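Report on the following structure.
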Amino acid sequence: MPNKPADTWAEFYATRRVLPYLKLARDRGAIDDGDARAVEAVVARLPGLVPEEPPARLHGDLWNGNVLWGVDGRAHVIDPAAHGGHRETDLAMLALFGLPNLPRVLDAYAEAAPLADGWQERVGLHQLFPLLVHACLFGGGYGPRAADAARRYT
């Protein structure tokens, strides 16, 4: 996975995450041309859809399976694919496949470092990349699901 820096998060997300996996999903027949065009259309609009902010250190693969809950009730994260990116991304990934106690995690995050207004409406944008990765790996409905997420922003 390419991690070369980019001038903006939108450029990084488009050129290092979404578009390479969109191409791979297309090549593997996991997304059709119409659905791919929907993803491309939203990628072109990313700079205006997500507020610019300094890069944050991301886990990079923060899903339920990489969150372990200790007997003390505290969360511990494992198996990072760390990189600098937009801080809404890890939270969107947690929401994608479900996390027990997600409201508790979101409340704690909001208390420590509140997100920009409207972050809940941007969750689908941040889910495009993991949905395309799953389309490449598993096929099924992940390609159309990525396109459905993208269409909410076009």
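Every chain in the structure tokens takes a letter, A first, then B, and so on in the order presented; its residues are numbered from 1, and the ligands are numbered from 1 following the presented order.
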Exercise for the section: Assign secondary structure with DSSP using the backbone only, and return the residues of segment 66-124 of chain A in strand (DSSP E) as a PyMOL selection string. Expected result: chain A and resi 67-69+75-77+83-85
Return as an mmCIF file with N, CA, C and O atoms, in the first residue's frame the full set of residues in segment 3-150 of chain A whose backbone-based DSSP assignment is alpha helix (DSSP H).
data_model
loop_
_atom_site.group_PDB
_atom_site.id
_atom_site.type_symbol
_atom_site.label_atom_id
_atom_site.label_comp_id
_atom_site.auth_asym_id
_atom_site.auth_seq_id
_atom_site.Cartn_x
_atom_site.Cartn_y
_atom_site.Cartn_z
ATOM 1 N N TRP A 9 -4.935 15.721 2.404
ATOM 2 C CA TRP A 9 -5.526 14.429 2.696
ATOM 3 C C TRP A 9 -6.343 13.942 1.504
ATOM 4 O O TRP A 9 -6.302 12.761 1.154
ATOM 5 N N ALA A 10 -7.101 14.836 0.877
ATOM 6 C CA ALA A 10 -7.945 14.431 -0.258
ATOM 7 C C ALA A 10 -7.100 13.808 -1.364
ATOM 8 O O ALA A 10 -7.468 12.773 -1.936
ATOM 9 N N GLU A 11 -5.962 14.412 -1.662
ATOM 10 C CA GLU A 11 -5.072 13.850 -2.689
ATOM 11 C C GLU A 11 -4.528 12.491 -2.241
ATOM 12 O O GLU A 11 -4.491 11.536 -3.020
ATOM 13 N N PHE A 12 -4.084 12.401 -0.989
ATOM 14 C CA PHE A 12 -3.563 11.141 -0.463
ATOM 15 C C PHE A 12 -4.625 10.042 -0.552
ATOM 16 O O PHE A 12 -4.368 8.943 -1.043
ATOM 17 N N LEU A 19 -8.354 5.181 -5.496
ATOM 18 C CA LEU A 19 -8.200 4.902 -6.927
ATOM 19 C C LEU A 19 -7.391 3.629 -7.235
ATOM 20 O O LEU A 19 -7.783 2.871 -8.130
ATOM 21 N N PRO A 20 -6.293 3.335 -6.512
ATOM 22 C CA PRO A 20 -5.603 2.073 -6.805
ATOM 23 C C PRO A 20 -6.481 0.845 -6.555
ATOM 24 O O PRO A 20 -6.451 -0.127 -7.323
ATOM 25 N N TYR A 21 -7.282 0.890 -5.495
ATOM 26 C CA TYR A 21 -8.130 -0.272 -5.203
ATOM 27 C C TYR A 21 -9.374 -0.292 -6.081
ATOM 28 O O TYR A 21 -9.915 -1.364 -6.354
ATOM 29 N N LEU A 22 -9.806 0.850 -6.545
ATOM 30 C CA LEU A 22 -10.889 0.884 -7.520
ATOM 31 C C LEU A 22 -10.432 0.214 -8.814
ATOM 32 O O LEU A 22 -11.157 -0.593 -9.394
ATOM 33 N N LYS A 23 -9.214 0.529 -9.254
ATOM 34 C CA LYS A 23 -8.674 -0.104 -10.462
ATOM 35 C C LYS A 23 -8.573 -1.617 -10.281
ATOM 36 O O LYS A 23 -8.971 -2.390 -11.154
ATOM 37 N N LEU A 24 -8.046 -2.039 -9.141
ATOM 38 C CA LEU A 24 -7.915 -3.470 -8.886
ATOM 39 C C LEU A 24 -9.286 -4.150 -8.835
ATOM 40 O O LEU A 24 -9.469 -5.239 -9.389
ATOM 41 N N ALA A 25 -10.241 -3.511 -8.195
ATOM 42 C CA ALA A 25 -11.600 -4.082 -8.134
ATOM 43 C C ALA A 25 -12.188 -4.196 -9.530
ATOM 44 O O ALA A 25 -12.842 -5.201 -9.864
ATOM 45 N N ARG A 26 -11.974 -3.186 -10.357
ATOM 46 C CA ARG A 26 -12.446 -3.238 -11.754
ATOM 47 C C ARG A 26 -11.773 -4.382 -12.500
ATOM 48 O O ARG A 26 -12.433 -5.141 -13.208
ATOM 49 N N ASP A 27 -10.448 -4.466 -12.361
ATOM 50 C CA ASP A 27 -9.691 -5.517 -13.049
ATOM 51 C C ASP A 27 -10.157 -6.914 -12.645
ATOM 52 O O ASP A 27 -10.115 -7.843 -13.443
ATOM 53 N N ASP A 33 -18.559 -0.914 -14.412
ATOM 54 C CA ASP A 33 -18.143 0.409 -14.878
ATOM 55 C C ASP A 33 -19.014 1.531 -14.329
ATOM 56 O O ASP A 33 -18.506 2.596 -13.959
ATOM 57 N N GLY A 34 -20.309 1.330 -14.255
ATOM 58 C CA GLY A 34 -21.200 2.365 -13.729
ATOM 59 C C GLY A 34 -20.923 2.651 -12.268
ATOM 60 O O GLY A 34 -20.881 3.822 -11.852
ATOM 61 N N ASP A 35 -20.723 1.605 -11.485
ATOM 62 C CA ASP A 35 -20.405 1.790 -10.068
ATOM 63 C C ASP A 35 -19.029 2.439 -9.893
ATOM 64 O O ASP A 35 -18.841 3.290 -9.027
ATOM 65 N N ALA A 36 -18.089 2.054 -10.750
ATOM 66 C CA ALA A 36 -16.754 2.655 -10.681
ATOM 67 C C ALA A 36 -16.819 4.144 -10.999
ATOM 68 O O ALA A 36 -16.138 4.949 -10.357
ATOM 69 N N ARG A 37 -17.647 4.525 -11.957
ATOM 70 C CA ARG A 37 -17.785 5.949 -12.282
ATOM 71 C C ARG A 37 -18.352 6.735 -11.093
ATOM 72 O O ARG A 37 -17.976 7.888 -10.859
ATOM 73 N N ALA A 38 -19.242 6.127 -10.331
ATOM 74 C CA ALA A 38 -19.793 6.798 -9.146
ATOM 75 C C ALA A 38 -18.690 7.077 -8.133
ATOM 76 O O ALA A 38 -18.638 8.151 -7.527
ATOM 77 N N VAL A 39 -17.801 6.115 -7.944
ATOM 78 C CA VAL A 39 -16.678 6.311 -7.015
ATOM 79 C C VAL A 39 -15.743 7.383 -7.556
ATOM 80 O O VAL A 39 -15.315 8.277 -6.817
ATOM 81 N N GLU A 40 -15.429 7.334 -8.840
ATOM 82 C CA GLU A 40 -14.550 8.346 -9.433
ATOM 83 C C GLU A 40 -15.137 9.753 -9.297
ATOM 84 O O GLU A 40 -14.413 10.716 -9.046
ATOM 85 N N ALA A 41 -16.446 9.867 -9.449
ATOM 86 C CA ALA A 41 -17.095 11.181 -9.345
ATOM 87 C C ALA A 41 -16.943 11.768 -7.952
ATOM 88 O O ALA A 41 -16.672 12.964 -7.799
ATOM 89 N N VAL A 42 -17.107 10.945 -6.933
ATOM 90 C CA VAL A 42 -16.968 11.480 -5.571
ATOM 91 C C VAL A 42 -15.505 11.757 -5.245
ATOM 92 O O VAL A 42 -15.205 12.719 -4.535
ATOM 93 N N VAL A 43 -14.589 10.978 -5.769
ATOM 94 C CA VAL A 43 -13.163 11.227 -5.534
ATOM 95 C C VAL A 43 -12.786 12.612 -6.062
ATOM 96 O O VAL A 43 -12.031 13.344 -5.420
ATOM 97 N N ALA A 44 -13.337 12.983 -7.192
ATOM 98 C CA ALA A 44 -13.045 14.292 -7.774
ATOM 99 C C ALA A 44 -13.543 15.432 -6.885
ATOM 100 O O ALA A 44 -13.028 16.548 -6.952
ATOM 101 N N ARG A 45 -14.511 15.158 -6.050
ATOM 102 C CA ARG A 45 -15.100 16.177 -5.179
ATOM 103 C C ARG A 45 -14.565 16.148 -3.748
ATOM 104 O O ARG A 45 -14.972 16.967 -2.923
ATOM 105 N N LEU A 46 -13.670 15.242 -3.431
ATOM 106 C CA LEU A 46 -13.188 15.089 -2.054
ATOM 107 C C LEU A 46 -12.702 16.382 -1.402
ATOM 108 O O LEU A 46 -13.037 16.641 -0.244
ATOM 109 N N PRO A 47 -11.925 17.214 -2.102
ATOM 110 C CA PRO A 47 -11.423 18.410 -1.418
ATOM 111 C C PRO A 47 -12.531 19.303 -0.857
ATOM 112 O O PRO A 47 -12.336 19.946 0.178
ATOM 113 N N GLY A 48 -13.673 19.316 -1.480
ATOM 114 C CA GLY A 48 -14.770 20.140 -0.993
ATOM 115 C C GLY A 48 -15.693 19.443 -0.022
ATOM 116 O O GLY A 48 -16.581 20.070 0.553
ATOM 117 N N LEU A 49 -15.502 18.152 0.167
ATOM 118 C CA LEU A 49 -16.410 17.374 1.009
ATOM 119 C C LEU A 49 -15.903 17.144 2.423
ATOM 120 O O LEU A 49 -16.694 16.950 3.342
ATOM 121 N N GLU A 88 -11.057 11.296 10.970
ATOM 122 C CA GLU A 88 -12.383 10.691 10.874
ATOM 123 C C GLU A 88 -12.324 9.267 10.316
ATOM 124 O O GLU A 88 -13.248 8.482 10.487
ATOM 125 N N THR A 89 -11.213 8.924 9.668
ATOM 126 C CA THR A 89 -11.109 7.649 8.950
ATOM 127 C C THR A 89 -11.185 6.438 9.875
ATOM 128 O O THR A 89 -11.922 5.489 9.604
ATOM 129 N N ASP A 90 -10.414 6.430 10.954
ATOM 130 C CA ASP A 90 -10.448 5.279 11.859
ATOM 131 C C ASP A 90 -11.836 5.101 12.474
ATOM 132 O O ASP A 90 -12.313 3.968 12.630
ATOM 133 N N LEU A 91 -12.489 6.197 12.815
ATOM 134 C CA LEU A 91 -13.829 6.098 13.408
ATOM 135 C C LEU A 91 -14.834 5.546 12.404
ATOM 136 O O LEU A 91 -15.704 4.744 12.760
ATOM 137 N N ALA A 92 -14.704 5.937 11.151
ATOM 138 C CA ALA A 92 -15.591 5.409 10.107
ATOM 139 C C ALA A 92 -15.362 3.914 9.913
ATOM 140 O O ALA A 92 -16.315 3.162 9.685
ATOM 141 N N MET A 93 -14.122 3.488 10.015
ATOM 142 C CA MET A 93 -13.806 2.067 9.883
ATOM 143 C C MET A 93 -14.424 1.273 11.039
ATOM 144 O O MET A 93 -14.958 0.184 10.825
ATOM 145 N N LEU A 94 -14.372 1.825 12.237
ATOM 146 C CA LEU A 94 -14.997 1.140 13.375
ATOM 147 C C LEU A 94 -16.498 0.978 13.156
ATOM 148 O O LEU A 94 -17.083 -0.038 13.529
ATOM 149 N N ALA A 95 -17.118 1.973 12.548
ATOM 150 C CA ALA A 95 -18.561 1.922 12.301
ATOM 151 C C ALA A 95 -18.922 0.969 11.166
ATOM 152 O O ALA A 95 -20.022 0.419 11.146
ATOM 153 N N LEU A 96 -18.016 0.756 10.230
ATOM 154 C CA LEU A 96 -18.314 -0.049 9.043
ATOM 155 C C LEU A 96 -18.728 -1.473 9.383
ATOM 156 O O LEU A 96 -19.723 -1.978 8.868
ATOM 157 N N PHE A 97 -17.978 -2.131 10.225
ATOM 158 C CA PHE A 97 -18.259 -3.522 10.548
ATOM 159 C C PHE A 97 -18.779 -3.703 11.965
ATOM 160 O O PHE A 97 -18.947 -4.820 12.426
ATOM 161 N N LEU A 102 -19.364 1.136 20.562
ATOM 162 C CA LEU A 102 -18.957 2.234 19.680
ATOM 163 C C LEU A 102 -19.423 3.593 20.205
ATOM 164 O O LEU A 102 -18.634 4.546 20.192
ATOM 165 N N PRO A 103 -20.662 3.730 20.691
ATOM 166 C CA PRO A 103 -21.054 5.040 21.229
ATOM 167 C C PRO A 103 -20.128 5.516 22.360
ATOM 168 O O PRO A 103 -19.804 6.699 22.448
ATOM 169 N N ARG A 104 -19.675 4.591 23.188
ATOM 170 C CA ARG A 104 -18.753 4.937 24.279
ATOM 171 C C ARG A 104 -17.422 5.437 23.718
ATOM 172 O O ARG A 104 -16.856 6.415 24.205
ATOM 173 N N VAL A 105 -16.927 4.765 22.683
ATOM 174 C CA VAL A 105 -15.670 5.176 22.057
ATOM 175 C C VAL A 105 -15.829 6.553 21.419
ATOM 176 O O VAL A 105 -14.971 7.428 21.576
ATOM 177 N N LEU A 106 -16.929 6.767 20.707
ATOM 178 C CA LEU A 106 -17.166 8.059 20.055
ATOM 179 C C LEU A 106 -17.304 9.186 21.079
ATOM 180 O O LEU A 106 -16.795 10.289 20.867
ATOM 181 N N ASP A 107 -17.982 8.916 22.181
ATOM 182 C CA ASP A 107 -18.116 9.925 23.239
ATOM 183 C C ASP A 107 -16.755 10.284 23.830
ATOM 184 O O ASP A 107 -16.464 11.452 24.062
ATOM 185 N N ALA A 108 -15.929 9.278 24.065
ATOM 186 C CA ALA A 108 -14.597 9.531 24.622
ATOM 187 C C ALA A 108 -13.745 10.328 23.631
ATOM 188 O O ALA A 108 -13.016 11.244 24.025
ATOM 189 N N TYR A 109 -13.870 9.993 22.351
ATOM 190 C CA TYR A 109 -13.119 10.726 21.330
ATOM 191 C C TYR A 109 -13.571 12.175 21.293
ATOM 192 O O TYR A 109 -12.753 13.100 21.254
ATOM 193 N N ALA A 110 -14.879 12.382 21.313
ATOM 194 C CA ALA A 110 -15.428 13.743 21.273
ATOM 195 C C ALA A 110 -14.983 14.554 22.479
ATOM 196 O O ALA A 110 -14.741 15.762 22.373
ATOM 197 N N GLU A 111 -14.859 13.907 23.610
ATOM 198 C CA GLU A 111 -14.407 14.601 24.820
ATOM 199 C C GLU A 111 -12.942 15.014 24.699
ATOM 200 O O GLU A 111 -12.556 16.108 25.100
ATOM 201 N N ALA A 112 -12.126 14.144 24.111
ATOM 202 C CA ALA A 112 -10.691 14.404 24.010
ATOM 203 C C ALA A 112 -10.336 15.319 22.838
ATOM 204 O O ALA A 112 -9.465 16.182 22.956
ATOM 205 N N VAL A 123 -19.032 9.825 7.110
ATOM 206 C CA VAL A 123 -18.563 8.466 7.421
ATOM 207 C C VAL A 123 -18.440 7.624 6.149
ATOM 208 O O VAL A 123 -17.449 6.923 5.944
ATOM 209 N N GLY A 124 -19.427 7.696 5.271
ATOM 210 C CA GLY A 124 -19.396 6.896 4.038
ATOM 211 C C GLY A 124 -18.207 7.206 3.139
ATOM 212 O O GLY A 124 -17.681 6.317 2.470
ATOM 213 N N LEU A 125 -17.773 8.452 3.114
ATOM 214 C CA LEU A 125 -16.586 8.803 2.321
ATOM 215 C C LEU A 125 -15.359 8.055 2.821
ATOM 216 O O LEU A 125 -14.560 7.540 2.037
ATOM 217 N N HIS A 126 -15.233 8.006 4.123
ATOM 218 C CA HIS A 126 -14.073 7.335 4.724
ATOM 219 C C HIS A 126 -14.175 5.816 4.631
ATOM 220 O O HIS A 126 -13.172 5.122 4.833
ATOM 221 N N GLN A 127 -15.350 5.309 4.324
ATOM 222 C CA GLN A 127 -15.535 3.863 4.181
ATOM 223 C C GLN A 127 -15.284 3.374 2.762
ATOM 224 O O GLN A 127 -15.232 2.165 2.529
ATOM 225 N N LEU A 128 -15.116 4.275 1.810
ATOM 226 C CA LEU A 128 -14.886 3.855 0.421
ATOM 227 C C LEU A 128 -13.670 2.945 0.302
ATOM 228 O O LEU A 128 -13.727 1.904 -0.357
ATOM 229 N N PHE A 129 -12.566 3.345 0.909
ATOM 230 C CA PHE A 129 -11.342 2.546 0.792
ATOM 231 C C PHE A 129 -11.510 1.134 1.350
ATOM 232 O O PHE A 129 -11.255 0.163 0.635
ATOM 233 N N PRO A 130 -11.951 0.962 2.604
ATOM 234 C CA PRO A 130 -12.072 -0.421 3.077
ATOM 235 C C PRO A 130 -13.111 -1.232 2.290
ATOM 236 O O PRO A 130 -12.939 -2.442 2.106
ATOM 237 N N LEU A 131 -14.153 -0.593 1.804
ATOM 238 C CA LEU A 131 -15.126 -1.327 0.991
ATOM 239 C C LEU A 131 -14.490 -1.800 -0.314
ATOM 240 O O LEU A 131 -14.738 -2.933 -0.761
ATOM 241 N N LEU A 132 -13.657 -0.969 -0.918
ATOM 242 C CA LEU A 132 -12.983 -1.385 -2.154
ATOM 243 C C LEU A 132 -11.946 -2.471 -1.886
ATOM 244 O O LEU A 132 -11.788 -3.390 -2.698
ATOM 245 N N VAL A 133 -11.251 -2.388 -0.763
ATOM 246 C CA VAL A 133 -10.315 -3.465 -0.411
ATOM 247 C C VAL A 133 -11.079 -4.779 -0.281
ATOM 248 O O VAL A 133 -10.654 -5.812 -0.813
ATOM 249 N N HIS A 134 -12.215 -4.745 0.393
ATOM 250 C CA HIS A 134 -13.013 -5.963 0.538
ATOM 251 C C HIS A 134 -13.565 -6.442 -0.795
ATOM 252 O O HIS A 134 -13.672 -7.649 -1.030
ATOM 253 N N ALA A 135 -13.898 -5.516 -1.688
ATOM 254 C CA ALA A 135 -14.338 -5.914 -3.031
ATOM 255 C C ALA A 135 -13.220 -6.669 -3.735
ATOM 256 O O ALA A 135 -13.471 -7.701 -4.376
ATOM 257 N N CYS A 136 -11.992 -6.180 -3.614
ATOM 258 C CA CYS A 136 -10.847 -6.848 -4.248
ATOM 259 C C CYS A 136 -10.595 -8.228 -3.658
ATOM 260 O O CYS A 136 -10.284 -9.180 -4.376
ATOM 261 N N LEU A 137 -10.714 -8.333 -2.344
ATOM 262 C CA LEU A 137 -10.389 -9.592 -1.664
ATOM 263 C C LEU A 137 -11.520 -10.612 -1.702
ATOM 264 O O LEU A 137 -11.273 -11.816 -1.829
ATOM 265 N N PHE A 138 -12.756 -10.135 -1.561
ATOM 266 C CA PHE A 138 -13.878 -11.056 -1.353
ATOM 267 C C PHE A 138 -14.981 -10.956 -2.394
ATOM 268 O O PHE A 138 -15.872 -11.803 -2.410
ATOM 269 N N TYR A 142 -19.456 -5.964 -2.073
ATOM 270 C CA TYR A 142 -18.655 -4.842 -1.599
ATOM 271 C C TYR A 142 -18.461 -3.752 -2.653
ATOM 272 O O TYR A 142 -18.440 -2.573 -2.322
ATOM 273 N N GLY A 143 -18.302 -4.119 -3.920
ATOM 274 C CA GLY A 143 -18.163 -3.115 -4.977
ATOM 275 C C GLY A 143 -19.413 -2.251 -5.089
ATOM 276 O O GLY A 143 -19.325 -1.017 -5.035
ATOM 277 N N PRO A 144 -20.596 -2.869 -5.227
ATOM 278 C CA PRO A 144 -21.821 -2.062 -5.247
ATOM 279 C C PRO A 144 -22.041 -1.272 -3.962
ATOM 280 O O PRO A 144 -22.560 -0.154 -3.997
ATOM 281 N N ARG A 145 -21.617 -1.817 -2.843
ATOM 282 C CA ARG A 145 -21.769 -1.090 -1.575
ATOM 283 C C ARG A 145 -20.892 0.164 -1.571
ATOM 284 O O ARG A 145 -21.300 1.213 -1.085
ATOM 285 N N ALA A 146 -19.685 0.071 -2.125
ATOM 286 C CA ALA A 146 -18.819 1.247 -2.240
ATOM 287 C C ALA A 146 -19.468 2.292 -3.142
ATOM 288 O O ALA A 146 -19.464 3.485 -2.837
ATOM 289 N N ALA A 147 -20.046 1.846 -4.242
ATOM 290 C CA ALA A 147 -20.709 2.765 -5.163
ATOM 291 C C ALA A 147 -21.919 3.420 -4.490
ATOM 292 O O ALA A 147 -22.144 4.632 -4.681
ATOM 293 N N ASP A 148 -22.679 2.671 -3.724
ATOM 294 C CA ASP A 148 -23.812 3.250 -3.019
ATOM 295 C C ASP A 148 -23.351 4.324 -2.041
ATOM 296 O O ASP A 148 -23.972 5.385 -1.920
ATOM 297 N N ALA A 149 -22.250 4.056 -1.342
ATOM 298 C CA ALA A 149 -21.696 5.053 -0.419
ATOM 299 C C ALA A 149 -21.288 6.300 -1.198
ATOM 300 O O ALA A 149 -21.575 7.423 -0.788
ATOM 301 N N ALA A 150 -20.636 6.109 -2.330
ATOM 302 C CA ALA A 150 -20.172 7.240 -3.131
ATOM 303 C C ALA A 150 -21.331 8.072 -3.660
ATOM 304 O O ALA A 150 -21.275 9.306 -3.652
#
Practice task
Identify which of the residues A:Val18, A:Leu58, A:Ala116, A:Ala30 lies closest to Val77 of chain A, counting only C-alpha atoms when measuring atom-to-atom distances.
Solution key: A:Leu58
Within 12 Å of segment 55-57 of chain A, counting only C-alpha atoms, which residues show up once you throw out same-chain ones fewer than 6 positions away? Write them as a PDB file with N, CA, C and O atoms, in the first residue's frame, please.
ATOM      1  N   PRO A   5       3.767  10.681   0.955  1.00  0.00           N
ATOM      2  CA  PRO A   5       2.963  11.855   1.334  1.00  0.00           C
ATOM      3  C   PRO A   5       2.365  12.563   0.126  1.00  0.00           C
ATOM      4  O   PRO A   5       2.868  12.469  -0.995  1.00  0.00           O
ATOM      5  N   ALA A   6       1.303  13.274   0.383  1.00  0.00           N
ATOM      6  CA  ALA A   6       0.647  14.109  -0.620  1.00  0.00           C
ATOM      7  C   ALA A   6       0.417  15.483   0.000  1.00  0.00           C
ATOM      8  O   ALA A   6       0.517  15.646   1.216  1.00  0.00           O
ATOM      9  N   ASP A   7       0.110  16.451  -0.826  1.00  0.00           N
ATOM     10  CA  ASP A   7      -0.077  17.813  -0.323  1.00  0.00           C
ATOM     11  C   ASP A   7      -1.308  17.948   0.559  1.00  0.00           C
ATOM     12  O   ASP A   7      -1.341  18.787   1.453  1.00  0.00           O
ATOM     13  N   THR A   8      -2.341  17.152   0.306  1.00  0.00           N
ATOM     14  CA  THR A   8      -3.574  17.223   1.095  1.00  0.00           C
ATOM     15  C   THR A   8      -4.059  15.812   1.392  1.00  0.00           C
ATOM     16  O   THR A   8      -3.690  14.845   0.713  1.00  0.00           O
ATOM     17  N   TRP A   9      -4.935  15.721   2.404  1.00  0.00           N
ATOM     18  CA  TRP A   9      -5.526  14.429   2.696  1.00  0.00           C
ATOM     19  C   TRP A   9      -6.343  13.942   1.504  1.00  0.00           C
ATOM     20  O   TRP A   9      -6.302  12.761   1.154  1.00  0.00           O
ATOM     21  N   ALA A  10      -7.101  14.836   0.877  1.00  0.00           N
ATOM     22  CA  ALA A  10      -7.945  14.431  -0.258  1.00  0.00           C
ATOM     23  C   ALA A  10      -7.100  13.808  -1.364  1.00  0.00           C
ATOM     24  O   ALA A  10      -7.468  12.773  -1.936  1.00  0.00           O
ATOM     25  N   PHE A  12      -4.084  12.401  -0.989  1.00  0.00           N
ATOM     26  CA  PHE A  12      -3.563  11.141  -0.463  1.00  0.00           C
ATOM     27  C   PHE A  12      -4.625  10.042  -0.552  1.00  0.00           C
ATOM     28  O   PHE A  12      -4.368   8.943  -1.043  1.00  0.00           O
ATOM     29  N   TYR A  13      -5.821  10.341  -0.057  1.00  0.00           N
ATOM     30  CA  TYR A  13      -6.891   9.345  -0.023  1.00  0.00           C
ATOM     31  C   TYR A  13      -7.265   8.908  -1.435  1.00  0.00           C
ATOM     32  O   TYR A  13      -7.464   7.717  -1.682  1.00  0.00           O
ATOM     33  N   PRO A  80      -1.662  -2.663  13.758  1.00  0.00           N
ATOM     34  CA  PRO A  80      -1.818  -1.398  13.042  1.00  0.00           C
ATOM     35  C   PRO A  80      -1.236  -1.418  11.630  1.00  0.00           C
ATOM     36  O   PRO A  80      -0.295  -2.161  11.338  1.00  0.00           O
ATOM     37  N   ALA A  81      -1.812  -0.605  10.790  1.00  0.00           N
ATOM     38  CA  ALA A  81      -1.288  -0.267   9.463  1.00  0.00           C
ATOM     39  C   ALA A  81      -1.123   1.252   9.480  1.00  0.00           C
ATOM     40  O   ALA A  81      -1.739   1.975   8.710  1.00  0.00           O
ATOM     41  N   ALA A  82      -0.311   1.714  10.415  1.00  0.00           N
ATOM     42  CA  ALA A  82      -0.226   3.133  10.756  1.00  0.00           C
ATOM     43  C   ALA A  82       0.211   3.999   9.583  1.00  0.00           C
ATOM     44  O   ALA A  82       1.062   3.617   8.783  1.00  0.00           O
ATOM     45  N   HIS A  83      -0.419   5.168   9.522  1.00  0.00           N
ATOM     46  CA  HIS A  83      -0.050   6.203   8.560  1.00  0.00           C
ATOM     47  C   HIS A  83      -0.677   7.515   9.012  1.00  0.00           C
ATOM     48  O   HIS A  83      -1.493   7.537   9.927  1.00  0.00           O
ATOM     49  N   GLY A  84      -0.294   8.587   8.374  1.00  0.00           N
ATOM     50  CA  GLY A  84      -0.895   9.876   8.660  1.00  0.00           C
ATOM     51  C   GLY A  84      -2.086  10.092   7.746  1.00  0.00           C
ATOM     52  O   GLY A  84      -2.001   9.844   6.543  1.00  0.00           O
ATOM     53  N   GLY A  85      -3.192  10.527   8.304  1.00  0.00           N
ATOM     54  CA  GLY A  85      -4.384  10.737   7.486  1.00  0.00           C
ATOM     55  C   GLY A  85      -5.404  11.578   8.209  1.00  0.00           C
ATOM     56  O   GLY A  85      -5.095  12.252   9.189  1.00  0.00           O
ATOM     57  N   HIS A  86      -6.629  11.506   7.746  1.00  0.00           N
ATOM     58  CA  HIS A  86      -7.712  12.273   8.348  1.00  0.00           C
ATOM     59  C   HIS A  86      -8.263  11.499   9.535  1.00  0.00           C
ATOM     60  O   HIS A  86      -8.581  10.315   9.438  1.00  0.00           O
ATOM     61  N   ARG A  87      -8.429  12.162  10.660  1.00  0.00           N
ATOM     62  CA  ARG A  87      -8.788  11.452  11.892  1.00  0.00           C
ATOM     63  C   ARG A  87     -10.193  10.872  11.879  1.00  0.00           C
ATOM     64  O   ARG A  87     -10.502   9.997  12.677  1.00  0.00           O
ATOM     65  N   GLU A  88     -11.057  11.296  10.970  1.00  0.00           N
ATOM     66  CA  GLU A  88     -12.383  10.691  10.874  1.00  0.00           C
ATOM     67  C   GLU A  88     -12.324   9.267  10.316  1.00  0.00           C
ATOM     68  O   GLU A  88     -13.248   8.482  10.487  1.00  0.00           O
ATOM     69  N   THR A  89     -11.213   8.924   9.668  1.00  0.00           N
ATOM     70  CA  THR A  89     -11.109   7.649   8.950  1.00  0.00           C
ATOM     71  C   THR A  89     -11.185   6.438   9.875  1.00  0.00           C
ATOM     72  O   THR A  89     -11.922   5.489   9.604  1.00  0.00           O
ATOM     73  N   ASP A  90     -10.414   6.430  10.954  1.00  0.00           N
ATOM     74  CA  ASP A  90     -10.448   5.279  11.859  1.00  0.00           C
ATOM     75  C   ASP A  90     -11.836   5.101  12.474  1.00  0.00           C
ATOM     76  O   ASP A  90     -12.313   3.968  12.630  1.00  0.00           O
ATOM     77  N   ALA A 113     -10.990  15.132  21.702  1.00  0.00           N
ATOM     78  CA  ALA A 113     -10.641  15.882  20.489  1.00  0.00           C
ATOM     79  C   ALA A 113     -11.866  15.963  19.582  1.00  0.00           C
ATOM     80  O   ALA A 113     -12.008  15.164  18.648  1.00  0.00           O
TER      81      ALA A 113
END
Exercise for the section: Have a look at A:Gly29, A:Gly140, A:Gly98, A:Gly118 and name the one nearest to Val67 of chain A; count only C-alpha atoms. Expected result: A:Gly98
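Between atom CA of Gly65 of chain A and atom CA of Arg151 of chain A the separation is 28.2 Å.
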